[in-house]
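**Student:** To be precise about what I am sending: the file is called start30.cif and holds mmCIF, C-alpha atoms.
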```
data_coords
#
loop_
_atom_site.label_atom_id
_atom_site.label_comp_id
_atom_site.auth_asym_id
_atom_site.auth_seq_id
_atom_site.Cartn_x
_atom_site.Cartn_y
_atom_site.Cartn_z
CA MET A 1289 -66.51 -34.25 9.80
CA GLY A 1290 -63.38 -32.07 10.10
CA ALA A 1291 -60.29 -31.93 7.92
CA GLY A 1292 -58.21 -35.06 8.11
CA GLU A 1293 -61.07 -37.21 9.49
CA ARG A 1294 -62.35 -38.72 6.26
CA PRO A 1295 -62.73 -42.51 6.66
CA VAL A 1296 -60.45 -44.51 4.42
CA SER A 1297 -62.07 -46.74 1.83
CA LYS A 1298 -59.96 -49.89 1.49
CA GLU A 1299 -61.85 -50.63 -1.70
CA ALA A 1300 -60.70 -47.31 -3.13
CA ALA A 1301 -57.12 -47.96 -2.07
CA LYS A 1302 -57.12 -51.27 -3.96
CA MET A 1303 -58.61 -49.93 -7.18
CA ILE A 1304 -56.39 -46.82 -7.58
CA ARG A 1305 -52.83 -47.10 -8.82
CA VAL A 1306 -50.53 -44.33 -10.02
CA ASP A 1307 -47.19 -44.15 -11.80
CA GLU A 1308 -44.79 -41.82 -9.99
CA ILE A 1309 -42.88 -39.86 -12.61
CA PRO A 1310 -39.98 -37.81 -11.20
CA PRO A 1311 -39.19 -34.42 -12.71
CA GLY A 1312 -36.73 -34.36 -15.60
CA GLN A 1313 -33.55 -32.32 -15.78
CA GLY A 1314 -34.29 -28.79 -14.56
CA ARG A 1315 -38.04 -29.43 -14.57
CA VAL A 1316 -40.87 -29.58 -12.07
CA PRO A 1317 -43.20 -31.09 -10.90
CA MET A 1318 -43.25 -34.66 -9.66
CA ILE A 1319 -46.24 -36.33 -11.38
CA TRP A 1320 -48.60 -38.96 -10.02
CA ARG A 1321 -50.32 -40.20 -13.20
CA VAL A 1322 -53.27 -42.52 -12.74
CA ARG A 1323 -52.68 -46.01 -14.14
CA GLU A 1324 -55.69 -47.81 -12.62
CA GLY A 1325 -58.89 -46.42 -11.14
CA ALA A 1326 -59.33 -43.36 -13.35
CA GLN A 1327 -63.13 -43.80 -12.98
CA ALA A 1328 -63.03 -43.47 -9.18
CA GLY A 1329 -65.47 -40.99 -7.65
CA ILE A 1330 -64.48 -37.91 -5.67
CA GLU A 1331 -65.13 -39.55 -2.29
CA GLN A 1332 -62.96 -42.51 -3.25
CA ILE A 1333 -60.13 -40.27 -4.50
CA ALA A 1334 -60.23 -38.16 -1.35
CA ALA A 1335 -60.16 -41.30 0.83
CA TRP A 1336 -57.24 -42.67 -1.18
CA LEU A 1337 -55.34 -39.37 -0.75
CA HIS A 1338 -56.11 -39.43 2.96
CA GLU A 1339 -54.49 -42.85 3.27
CA ARG A 1340 -51.43 -41.63 1.36
CA ARG A 1341 -51.19 -38.18 2.93
CA GLU A 1342 -47.74 -38.83 4.45
CA ARG A 1343 -46.34 -40.03 1.12
CA TYR A 1344 -48.04 -37.10 -0.65
CA ASP A 1345 -46.59 -34.58 1.79
CA GLU A 1346 -43.12 -36.11 1.58
CA GLN A 1347 -43.16 -35.84 -2.22
CA VAL A 1348 -44.14 -32.16 -2.13
CA ARG A 1349 -41.36 -31.46 0.37
CA ARG A 1350 -38.79 -33.38 -1.65
CA HIS A 1351 -39.62 -32.12 -5.16
CA GLY A 1352 -41.31 -28.80 -4.37
CA ALA A 1353 -44.29 -29.63 -6.58
CA LEU A 1354 -46.64 -32.57 -7.15
CA LEU A 1355 -49.17 -32.95 -9.97
CA LEU A 1356 -52.01 -35.48 -9.71
CA ARG A 1357 -53.30 -36.27 -13.20
CA GLY A 1358 -55.66 -38.70 -14.88
CA PHE A 1359 -58.84 -38.97 -12.77
CA HIS A 1360 -62.12 -38.41 -14.61
CA ALA A 1361 -64.29 -37.23 -11.71
CA PRO A 1362 -62.66 -33.96 -10.51
CA ARG A 1363 -64.18 -31.11 -12.52
CA SER A 1364 -65.54 -28.42 -10.15
CA ALA A 1365 -64.68 -26.15 -7.21
CA ALA A 1366 -66.45 -28.59 -4.90
CA ASP A 1367 -64.28 -31.42 -6.23
CA PHE A 1368 -61.16 -29.29 -5.70
CA GLU A 1369 -62.26 -28.65 -2.13
CA ALA A 1370 -62.66 -32.39 -1.55
CA LEU A 1371 -59.12 -33.05 -2.82
CA LEU A 1372 -57.73 -30.31 -0.58
CA GLU A 1373 -59.26 -31.75 2.59
CA PRO A 1374 -56.71 -34.58 2.97
CA THR A 1375 -53.78 -32.74 1.33
CA ALA A 1376 -54.10 -29.17 2.68
CA PRO A 1377 -56.19 -29.06 5.86
CA VAL A 1378 -55.16 -25.45 6.65
CA LEU A 1379 -56.33 -22.85 4.12
CA GLN A 1380 -55.87 -19.10 4.37
CA ASP A 1381 -57.53 -16.06 2.86
CA TYR A 1382 -56.11 -13.48 0.44
CA VAL A 1383 -56.37 -10.27 2.46
CA GLY A 1384 -53.67 -7.90 1.20
CA GLY A 1385 -53.13 -9.85 -2.03
CA THR A 1386 -52.31 -8.03 -5.25
CA SER A 1387 -53.88 -10.17 -8.00
CA PRO A 1388 -57.52 -9.60 -9.00
CA ARG A 1389 -59.42 -12.75 -7.96
CA GLN A 1390 -62.93 -13.91 -7.15
CA VAL A 1391 -63.91 -16.23 -4.33
CA VAL A 1392 -65.65 -19.26 -5.84
CA ARG A 1393 -66.31 -21.46 -2.81
CA GLY A 1394 -65.09 -21.10 0.76
CA LYS A 1395 -61.42 -20.18 0.40
CA ILE A 1396 -61.18 -21.41 -3.17
CA MET A 1397 -60.62 -18.60 -5.69
CA THR A 1398 -60.01 -18.03 -9.35
CA ALA A 1399 -56.25 -18.25 -9.92
CA THR A 1400 -56.26 -14.73 -11.34
CA ASP A 1401 -58.61 -12.50 -13.31
CA VAL A 1402 -55.74 -10.81 -15.15
CA PRO A 1403 -56.71 -10.84 -18.87
CA GLY A 1404 -55.27 -13.46 -21.20
CA SER A 1405 -53.35 -10.78 -23.11
CA TYR A 1406 -51.04 -10.63 -20.08
CA SER A 1407 -48.40 -13.16 -19.23
CA ILE A 1408 -47.59 -13.43 -15.52
CA PRO A 1409 -43.93 -13.60 -14.47
CA LEU A 1410 -42.68 -16.30 -12.12
CA HIS A 1411 -43.31 -15.41 -8.48
CA GLN A 1412 -43.86 -16.91 -5.03
CA GLU A 1413 -47.39 -16.17 -3.80
CA MET A 1414 -47.64 -13.15 -1.46
CA SER A 1415 -43.86 -13.00 -1.06
CA TYR A 1416 -44.26 -9.27 -0.34
CA THR A 1417 -45.66 -10.24 3.10
CA ALA A 1418 -43.81 -11.43 6.20
CA ARG A 1419 -45.70 -14.73 6.35
CA LEU A 1420 -46.38 -15.97 2.86
CA PRO A 1421 -48.51 -19.12 2.33
CA ALA A 1422 -46.63 -22.35 2.97
CA ARG A 1423 -48.01 -23.89 -0.23
CA ILE A 1424 -50.33 -23.00 -3.08
CA SER A 1425 -52.59 -25.41 -4.95
CA PHE A 1426 -54.10 -25.15 -8.44
CA PHE A 1427 -56.92 -27.06 -10.09
CA CYS A 1428 -57.74 -27.10 -13.80
CA VAL A 1429 -61.43 -26.89 -14.67
CA THR A 1430 -60.90 -25.88 -18.30
CA PRO A 1431 -57.51 -25.55 -20.04
CA ALA A 1432 -57.07 -22.62 -22.42
CA GLY A 1433 -57.89 -23.05 -26.07
CA ARG A 1434 -54.45 -21.72 -26.95
CA GLY A 1435 -51.52 -20.97 -24.63
CA GLY A 1436 -52.25 -20.41 -20.95
CA GLN A 1437 -49.60 -22.78 -19.60
CA THR A 1438 -48.69 -22.30 -15.96
CA THR A 1439 -44.97 -21.69 -15.76
CA LEU A 1440 -42.91 -23.14 -12.91
CA GLY A 1441 -39.44 -22.28 -11.68
CA ASN A 1442 -37.02 -23.96 -9.27
CA MET A 1443 -36.07 -21.23 -6.78
CA ARG A 1444 -32.91 -23.05 -5.69
CA GLU A 1445 -31.58 -22.79 -9.26
CA ILE A 1446 -32.83 -19.23 -9.69
CA THR A 1447 -31.17 -18.08 -6.46
CA GLY A 1448 -27.91 -19.61 -7.64
CA ARG A 1449 -28.10 -17.75 -10.97
CA LEU A 1450 -28.53 -14.30 -9.41
CA ASP A 1451 -25.45 -12.09 -9.37
CA ALA A 1452 -23.76 -12.18 -5.95
CA ALA A 1453 -23.20 -8.41 -6.06
CA VAL A 1454 -26.94 -7.84 -6.53
CA LEU A 1455 -27.72 -10.09 -3.57
CA HIS A 1456 -25.14 -8.26 -1.46
CA ARG A 1457 -26.71 -4.87 -2.19
CA PHE A 1458 -30.03 -6.04 -0.78
CA GLU A 1459 -28.31 -7.24 2.39
CA GLU A 1460 -26.34 -4.00 2.67
CA HIS A 1461 -29.44 -1.82 2.28
CA GLY A 1462 -31.69 -3.70 4.69
CA GLY A 1463 -33.84 -5.80 2.37
CA VAL A 1464 -36.81 -4.63 0.36
CA GLN A 1465 -40.17 -2.89 0.81
CA LEU A 1466 -43.17 -2.71 -1.51
CA ARG A 1467 -45.23 0.46 -1.80
CA ARG A 1468 -48.59 0.02 -3.53
CA ASN A 1469 -51.07 2.58 -4.79
CA LEU A 1470 -54.60 1.21 -4.36
CA PRO A 1471 -57.22 3.32 -6.17
CA LEU A 1472 -60.94 3.61 -5.70
CA PRO A 1473 -62.92 1.17 -7.89
CA GLU A 1474 -63.95 3.93 -10.29
CA GLN A 1475 -60.30 4.92 -10.80
CA THR A 1476 -58.94 1.55 -11.88
CA ALA A 1477 -59.64 2.06 -15.60
CA GLN A 1478 -57.42 5.17 -15.56
CA ARG A 1479 -54.46 3.39 -13.92
CA PRO A 1480 -51.88 1.60 -16.08
CA GLY A 1481 -51.65 -2.15 -15.51
CA VAL A 1482 -54.25 -4.19 -13.61
CA PRO A 1483 -54.55 -2.25 -10.35
CA LYS A 1484 -56.60 -3.60 -7.48
CA PRO A 1485 -58.86 -1.13 -5.61
CA TRP A 1486 -58.33 -0.89 -1.86
CA THR A 1487 -61.95 -1.94 -1.36
CA GLU A 1488 -61.11 -5.32 -2.92
CA VAL A 1489 -57.72 -5.71 -1.23
CA PHE A 1490 -59.25 -5.22 2.23
CA GLY A 1491 -62.77 -6.51 1.57
CA THR A 1492 -64.48 -3.35 2.79
CA THR A 1493 -65.66 0.07 1.60
CA ASP A 1494 -64.92 1.60 5.02
CA ARG A 1495 -61.65 3.57 5.08
CA ASP A 1496 -61.27 3.24 8.85
CA GLN A 1497 -61.70 -0.53 8.69
CA ALA A 1498 -59.18 -0.79 5.83
CA SER A 1499 -56.68 1.29 7.82
CA ALA A 1500 -57.23 -0.89 10.90
CA THR A 1501 -56.59 -4.08 8.91
CA ALA A 1502 -53.41 -2.57 7.49
CA ARG A 1503 -52.21 -1.72 11.02
CA LEU A 1504 -52.97 -5.28 12.16
CA LYS A 1505 -50.77 -6.55 9.34
CA GLY A 1506 -47.98 -4.20 10.35
CA TRP A 1507 -48.38 -1.99 7.27
CA ARG A 1508 -48.69 1.79 6.96
CA ALA A 1509 -51.63 3.24 5.03
CA GLU A 1510 -51.76 6.82 3.77
CA TRP A 1511 -54.74 8.37 2.02
CA LEU A 1512 -54.12 10.57 -1.03
CA ASP A 1513 -56.35 13.46 -2.10
CA ASP A 1514 -57.88 11.41 -4.93
CA GLY A 1515 -59.18 8.81 -2.43
CA SER A 1516 -56.55 6.18 -3.23
CA MET A 1517 -54.51 4.45 -0.55
CA GLN A 1518 -50.72 4.51 -0.50
CA LEU A 1519 -49.83 1.25 1.24
CA TRP A 1520 -46.36 0.62 2.63
CA GLN A 1521 -45.97 -3.10 3.26
CA ASP A 1522 -43.43 -5.15 5.22
CA ILE A 1523 -39.71 -4.46 5.12
CA LEU A 1524 -38.38 -7.91 4.31
CA PRO A 1525 -35.09 -9.57 3.41
CA ALA A 1526 -34.72 -10.24 -0.31
CA THR A 1527 -33.80 -13.86 0.50
CA ARG A 1528 -35.30 -16.01 3.25
CA PRO A 1529 -34.52 -19.37 4.86
CA HIS A 1530 -36.99 -22.13 4.08
CA PRO A 1531 -38.78 -23.11 7.32
CA ASP A 1532 -38.16 -26.83 6.74
CA ASP A 1533 -34.38 -26.90 6.34
CA GLY A 1534 -33.09 -23.32 6.41
CA GLU A 1535 -32.09 -23.26 2.73
CA VAL A 1536 -31.80 -19.59 1.70
CA LEU A 1537 -33.96 -18.72 -1.32
CA TRP A 1538 -34.73 -15.56 -3.29
CA CYS A 1539 -38.22 -14.52 -2.17
CA ASN A 1540 -39.85 -11.25 -3.29
CA GLN A 1541 -41.63 -9.66 -6.27
CA ILE A 1542 -39.32 -6.77 -7.18
CA HIS A 1543 -39.35 -7.93 -10.79
CA ILE A 1544 -43.13 -7.42 -10.98
CA PHE A 1545 -43.77 -4.22 -9.02
CA ALA A 1546 -40.81 -2.03 -9.95
CA PRO A 1547 -41.99 0.35 -12.72
CA VAL A 1548 -39.09 -0.51 -15.04
CA ALA A 1549 -40.00 -4.20 -14.71
CA ALA A 1550 -43.69 -3.50 -15.36
CA LEU A 1551 -42.68 -1.60 -18.50
CA ARG A 1552 -40.46 -4.47 -19.69
CA TRP A 1553 -43.28 -6.92 -19.00
CA ALA A 1554 -45.76 -4.90 -21.08
CA LEU A 1555 -43.33 -4.59 -23.99
CA ASN A 1556 -42.54 -8.33 -23.93
CA ASP A 1557 -46.26 -9.11 -24.03
CA GLY A 1558 -46.83 -6.74 -26.95
CA ARG A 1559 -49.07 -4.44 -24.87
CA ALA A 1560 -47.80 -1.28 -26.56
CA GLU A 1561 -50.55 1.09 -25.39
CA LEU A 1562 -50.04 0.12 -21.76
CA ALA A 1563 -46.28 0.51 -22.16
CA MET A 1564 -46.84 4.10 -23.35
CA ARG A 1565 -49.09 4.83 -20.37
CA LEU A 1566 -46.55 3.36 -17.96
CA SER A 1567 -43.77 5.47 -19.47
CA HIS A 1568 -45.91 8.59 -19.13
CA ALA A 1569 -46.86 7.79 -15.54
CA ARG A 1570 -43.22 7.17 -14.59
CA ALA A 1571 -42.36 10.64 -15.86
CA THR A 1572 -45.37 12.61 -14.58
CA GLN A 1573 -47.19 10.72 -11.77
CA PRO A 1574 -44.79 8.17 -10.22
CA HIS A 1575 -46.73 8.27 -6.91
CA LEU A 1576 -49.65 6.55 -8.66
CA LEU A 1577 -47.52 3.54 -9.60
CA ASP A 1578 -46.45 0.65 -7.40
CA GLN A 1579 -42.81 0.97 -6.40
CA VAL A 1580 -40.15 -1.07 -4.64
CA PHE A 1581 -37.39 0.32 -2.41
CA TYR A 1582 -34.50 -1.05 -0.45
CA GLY A 1583 -35.39 -1.54 3.20
CA ASP A 1584 -33.53 1.64 4.14
CA GLY A 1585 -35.68 3.66 1.72
CA SER A 1586 -33.04 4.07 -0.99
CA THR A 1587 -33.64 3.38 -4.67
CA ILE A 1588 -32.97 0.04 -6.36
CA SER A 1589 -31.24 0.52 -9.70
CA ASP A 1590 -33.08 -0.33 -12.91
CA GLU A 1591 -30.12 -2.50 -13.92
CA ASP A 1592 -30.49 -4.71 -10.86
CA VAL A 1593 -34.26 -4.99 -11.30
CA LEU A 1594 -33.88 -6.02 -14.95
CA HIS A 1595 -31.19 -8.59 -14.11
CA ILE A 1596 -33.59 -10.19 -11.62
CA ALA A 1597 -36.49 -10.14 -14.11
CA ARG A 1598 -34.42 -11.73 -16.87
CA THR A 1599 -33.08 -14.43 -14.57
CA LEU A 1600 -36.59 -15.47 -13.53
CA ASP A 1601 -37.91 -15.39 -17.10
CA GLU A 1602 -35.09 -17.61 -18.34
CA ALA A 1603 -35.87 -20.24 -15.69
CA ALA A 1604 -39.60 -20.57 -16.44
CA TRP A 1605 -40.78 -24.05 -17.50
CA PRO A 1606 -44.32 -24.37 -19.00
CA LEU A 1607 -46.87 -26.90 -17.73
CA ASP A 1608 -49.67 -27.75 -20.18
CA TRP A 1609 -52.92 -28.24 -18.28
CA GLN A 1610 -55.40 -31.09 -18.61
CA ALA A 1611 -58.92 -30.92 -17.16
CA GLY A 1612 -58.95 -32.30 -13.62
CA ASP A 1613 -55.25 -31.67 -12.94
CA PHE A 1614 -54.52 -31.04 -9.25
CA LEU A 1615 -51.20 -29.30 -8.56
CA MET A 1616 -49.56 -28.55 -5.20
CA LEU A 1617 -46.50 -26.28 -4.90
CA ASP A 1618 -44.15 -25.51 -2.06
CA ASN A 1619 -44.56 -21.75 -2.27
CA MET A 1620 -40.93 -20.91 -1.47
CA ARG A 1621 -39.18 -23.65 -3.44
CA VAL A 1622 -41.20 -23.42 -6.67
CA ALA A 1623 -42.35 -20.17 -8.25
CA HIS A 1624 -45.29 -20.04 -10.65
CA GLY A 1625 -46.48 -17.79 -13.48
CA ARG A 1626 -48.58 -17.96 -16.63
CA ARG A 1627 -48.25 -17.71 -20.40
CA GLN A 1628 -50.60 -15.53 -22.44
CA TYR A 1629 -53.68 -17.32 -23.78
CA GLN A 1630 -56.74 -17.15 -26.00
CA GLY A 1631 -60.17 -18.67 -25.47
CA GLU A 1632 -61.78 -19.87 -22.28
CA ARG A 1633 -59.53 -20.83 -19.37
CA SER A 1634 -60.57 -21.75 -15.83
CA ILE A 1635 -57.92 -22.47 -13.20
CA LEU A 1636 -58.80 -22.37 -9.49
CA THR A 1637 -56.44 -21.85 -6.58
CA ALA A 1638 -56.24 -22.21 -2.81
CA LEU A 1639 -53.61 -20.86 -0.43
CA VAL A 1640 -52.29 -23.38 2.06
CA GLY A 1641 -51.41 -21.96 5.46
CA HIS A 1642 -48.88 -23.08 8.04
CA ALA A 1643 -49.46 -25.82 10.61
CA ASP A 1644 -49.91 -23.29 13.43
CA GLU A 1645 -52.77 -21.55 11.63
CA THR A 1646 -56.44 -22.56 11.37
CA ARG A 1647 -58.96 -22.38 8.57
CA GLN A 1648 -60.72 -19.51 10.34
CA THR A 1649 -57.67 -17.37 11.13
CA PRO A 1650 -55.77 -15.56 8.36
CA SER A 1651 -52.04 -15.19 8.72
CA VAL A 1652 -50.85 -11.97 10.36
CA SER A 1653 -47.68 -10.37 9.03
CA ARG A 1654 -44.98 -9.42 11.49
CA ALA A 1655 -43.41 -6.33 9.97
CA ARG A 1656 -40.40 -4.45 11.17
CA PRO A 1657 -40.87 -0.67 11.69
CA VAL A 1658 -41.79 1.11 8.47
CA PRO A 1659 -39.45 4.00 7.59
CA ALA A 1660 -40.57 7.28 6.09
CA HIS A 1661 -39.97 7.73 2.36
CA ALA A 1662 -39.91 10.86 0.28
#
```
I need this file expressed as C-alpha cells, please.

**Tutor:**
Amino acid sequence: MGAGERPVSKEAAKMIRVDEIPPGQGRVPMIWRVREGAQAGIEQIAAWLHERRERYDEQVRRHGALLLRGFHAPRSAADFEALLEPTAPVLQDYVGGTSPRQVVRGKIMTATDVPGSYSIPLHQEMSYTARLPARISFFCVTPAGRGGQTTLGNMREITGRLDAAVLHRFEEHGGVQLRRNLPLPEQTAQRPGVPKPWTEVFGTTDRDQASATARLKGWRAEWLDDGSMQLWQDILPATRPHPDDGEVLWCNQIHIFAPVAALRWALNDGRAELAMRLSHARATQPHLLDQVFYGDGSTISDEDVLHIARTLDEAAWPLDWQAGDFLMLDNMRVAHGRRQYQGERSILTALVGHADETRQTPSVSRARPVPAHA
C-alpha cells in the first residue's frame, strides 16, 4: 500500500481526541496534546492522522511547526515511519548534507551525531543548497538526561531583527556561497570542529563518482594534494521567498560555517581546546576550514557574521522533549538547533521533500555559475 492510501479506521477516529494548544507569545510550535486515546496503537494513530491530514497540513502552514504529544505507542524508527506516511508522503535523502548522521531505516536518520558537548545554532536544514527540504520532522525516542532541548526560531521575526544595511550588502554583492573542505575519513580527527569526510557526504569512496554527483548538483569540486575535496556549493540569495506565499525570509548558514562564527560557537560552548585549534587554523591553514563568501567572491566582514549569529541565538526558544513526541517544521519558516546535553539522547529525523518530488528521487540543486575564488 503506497503513501496516502492507508484505510481510515472510524473506530480510531472516535477514540482519539486532542487539545489544540496554539503557540504563546514569540513561541513555537502549535501543539496537539492527546486528551483521549493515548493508548491507541500505531496503526490507529496513523489512520487517524490520515483522516486529519488536511487539518494537519493547514496547521503546519499556519504556525510553521506542529508537535503531536501524548501517545504511548510511538517509540521506534518504524513507528516514526508509520506517522510520516500520512503526514509527509515525500521524503528525500541527505546527499550533500553537512551534519554527521546515520541512516536508521529507509530515509529516517539520526538527527545528528554531533557530540553532546556541542550546542547547535538555529538553522534551516540544507539552506546552503538551491532546493532545501520543504519540511523537516523529528521524533523523540529518548530525551536527554540533562539538557538536549531542541531550539526553535521564528524566521519571520529573525529576518525583521537583522540590520537592513547587512541585508543590503548581501543583495549588493550577489548573495552568498559556501565553500567546504571535506577530508578523507582518516583526516577528520586532525580537523577542528566536526568535519564530514567526502566519502560520507557523497556516499561513495570513488572520487570520480563523488565529482560526478557534485556536477549533477551544480557544484564545483576540486581535489587538494592531501586527498580532501574543496567543494564550492550554490551561489544563493541570502534571503528567499517562501514558496507558499512569497514572504521573504533569511535563509542560509553563514553564522555556522564562517570561521569567526565557528570560533564564537566553540567559545560559547566552553570548548576551549577546539577554539585554540580554530584560531591556529585561521592563521596558518585557512584553506582547510569551511568558509563563506559573498556571491561575487568578496569577503563577508566578521562584524556582519557576528551580528547574524547573535540575532539567531537571541531568538532561540527551547523545546523540552518527551518520549514519543512527533514534531513537524516548515523548514523555511522555523529554524531549529540544539542545546548541549549529558547522558543518552536519541532523536530521529526525516527530510520532507516538495510535492513535485518522489520518494525515490533526491532533489537536484539548480546552481548559478560558480565563480573562481582566490

**Student:** So which residues get picked by the PyMOL selection byres ((chain A and resi 1539) around 8) here, written as a PyMOL selection string?

**Tutor:** chain A and resi 1412+1415+1526-1528+1537-1538+1540-1541+1620

**Student:** Write out, as a JSON list (two decimals), keeping the file's coordinate frame, the residues just selected, with C-alpha atoms.

**Tutor:**
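What landed in again_4.json:
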```json
[["chain", "number", "residue", "atom", "x", "y", "z"],
["A", 1412, "GLN", "CA", -43.86, -16.91, -5.03],
["A", 1415, "SER", "CA", -43.86, -13.00, -1.06],
["A", 1526, "ALA", "CA", -34.72, -10.24, -0.31],
["A", 1527, "THR", "CA", -33.80, -13.86, 0.50],
["A", 1528, "ARG", "CA", -35.30, -16.01, 3.25],
["A", 1537, "LEU", "CA", -33.96, -18.72, -1.32],
["A", 1538, "TRP", "CA", -34.73, -15.56, -3.29],
["A", 1540, "ASN", "CA", -39.85, -11.25, -3.29],
["A", 1541, "GLN", "CA", -41.63, -9.66, -6.27],
["A", 1620, "MET", "CA", -40.93, -20.91, -1.47]]
```

**Student:** Within 8 Å of (-41.6, -39.5, -7.8) in the file's own coordinates, which protein, DNA or RNA residues have an atom, counting only C-alpha atoms? List them as a list in words.

**Tutor:**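 Residues lying no farther than 8 Å from the given point: Glu1308, Ile1309, Pro1310, Pro1311, Met1318, Ile1319, Trp1320 and Gln1347 of chain A.
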
**Student:** Report as a ChimeraX atom specification the residues that result from applying the PyMOL selection byres ((chain A and resi 1390) around 10) to the structure here.

**Tutor:** /A:1387-1389,1391-1393,1395-1401,1488,1636

**Student:** Residues of the last selection are to be written out with C-alpha atoms, as a PDB file, in the frame of the given file.

**Tutor:**
```
ATOM      1  CA  SER A1387     -53.880 -10.170  -8.000  1.00  0.00           C
ATOM      2  CA  PRO A1388     -57.520  -9.600  -9.000  1.00  0.00           C
ATOM      3  CA  ARG A1389     -59.420 -12.750  -7.960  1.00  0.00           C
ATOM      4  CA  VAL A1391     -63.910 -16.230  -4.330  1.00  0.00           C
ATOM      5  CA  VAL A1392     -65.650 -19.260  -5.840  1.00  0.00           C
ATOM      6  CA  ARG A1393     -66.310 -21.460  -2.810  1.00  0.00           C
ATOM      7  CA  LYS A1395     -61.420 -20.180   0.400  1.00  0.00           C
ATOM      8  CA  ILE A1396     -61.180 -21.410  -3.170  1.00  0.00           C
ATOM      9  CA  MET A1397     -60.620 -18.600  -5.690  1.00  0.00           C
ATOM     10  CA  THR A1398     -60.010 -18.030  -9.350  1.00  0.00           C
ATOM     11  CA  ALA A1399     -56.250 -18.250  -9.920  1.00  0.00           C
ATOM     12  CA  THR A1400     -56.260 -14.730 -11.340  1.00  0.00           C
ATOM     13  CA  ASP A1401     -58.610 -12.500 -13.310  1.00  0.00           C
ATOM     14  CA  GLU A1488     -61.110  -5.320  -2.920  1.00  0.00           C
ATOM     15  CA  LEU A1636     -58.800 -22.370  -9.490  1.00  0.00           C
TER      16      LEU A1636
END
```

**Student:** Might you spell out which residues the PyMOL selection byres ((chain A and resi 1429) around 9) would select in the displayed file, as a PyMOL selection string?

**Tutor:** chain A and resi 1362-1365+1427-1428+1430-1431+1610-1613+1633-1636

**Student:** What does the distance from atom CA of A:Pro1485 to atom CA of A:Pro1473 come to in Å, to one decimal?

**Tutor:**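 Going from atom CA of A:Pro1485 over to atom CA of A:Pro1473, I get 5.2 Å.
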
**Student:** Using all atoms listed in the file, pick whichever of A:Thr1439, A:Gln1380, A:Ser1499, A:Ser1589 has the shortest atom-to-atom distance to A:Ala1546.

**Tutor:**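 Going through A:Thr1439, A:Gln1380, A:Ser1499, A:Ser1589 one by one, the smallest distance to A:Ala1546 is for A:Ser1589.
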
**Student:** Considering all atoms listed in the file, state which residue in the set A:Ala1418, A:Ala1334, A:Leu1371, A:Ala1432 is at the smallest distance from A:Gly1506.

**Tutor:** A:Ala1418

**Student:** Figure out the distance between atom CA of A:Ile1596 and atom CA of A:Met1616, please, to one decimal in Å.

**Tutor:**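 Between these atoms lies a distance of 25.2 Å.
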
**Student:** Here's a test: counting only C-alpha atoms, identify every protein, DNA and RNA residue with an atom at most 12 Å from (-38.6, -1.4, -5.6) in the file's coordinate frame, and state them as JSON, numbers by chain.

**Tutor:** {"A": [1416, 1458, 1463, 1464, 1465, 1466, 1467, 1468, 1520, 1521, 1523, 1524, 1526, 1540, 1541, 1542, 1543, 1544, 1545, 1546, 1547, 1548, 1549, 1550, 1577, 1578, 1579, 1580, 1581, 1582, 1583, 1584, 1585, 1586, 1587, 1588, 1589, 1590, 1591, 1592, 1593, 1594, 1596]}

**Student:** Could you pull the residues within 9 Å of A:His1575, counting all atoms listed in the file, minus those fewer than 6 positions along the same chain, as a ChimeraX atom specification?

**Tutor:** /A:1469,1518,1569

**Student:** For A:His1461, which of A:Gln1573, A:Thr1438, A:Pro1525, A:Trp1507 is the closest residue, counting all atoms listed in the file?

**Tutor:** A:Pro1525

**Student:** Quote the spacing between atom CA of A:Tyr1406 and atom CA of A:Asp1608 in Å to one decimal place.

**Tutor:**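 So the two atoms, atom CA of A:Tyr1406 and atom CA of A:Asp1608, lie 17.2 Å apart.
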
**Student:** Smallest atom-to-atom distance to A:Glu1346: which of A:Thr1487, A:Thr1417, A:Gln1327, A:Thr1375, using all atoms listed in the file?

**Tutor:** A:Thr1375

**Student:** From the list A:Ile1304, A:Leu1562, A:Leu1607, A:Leu1600, which residue is nearest A:Gly1435 when using only C-alpha atoms?

**Tutor:**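 Among the listed residues, the smallest separation from A:Gly1435 belongs to A:Leu1607.
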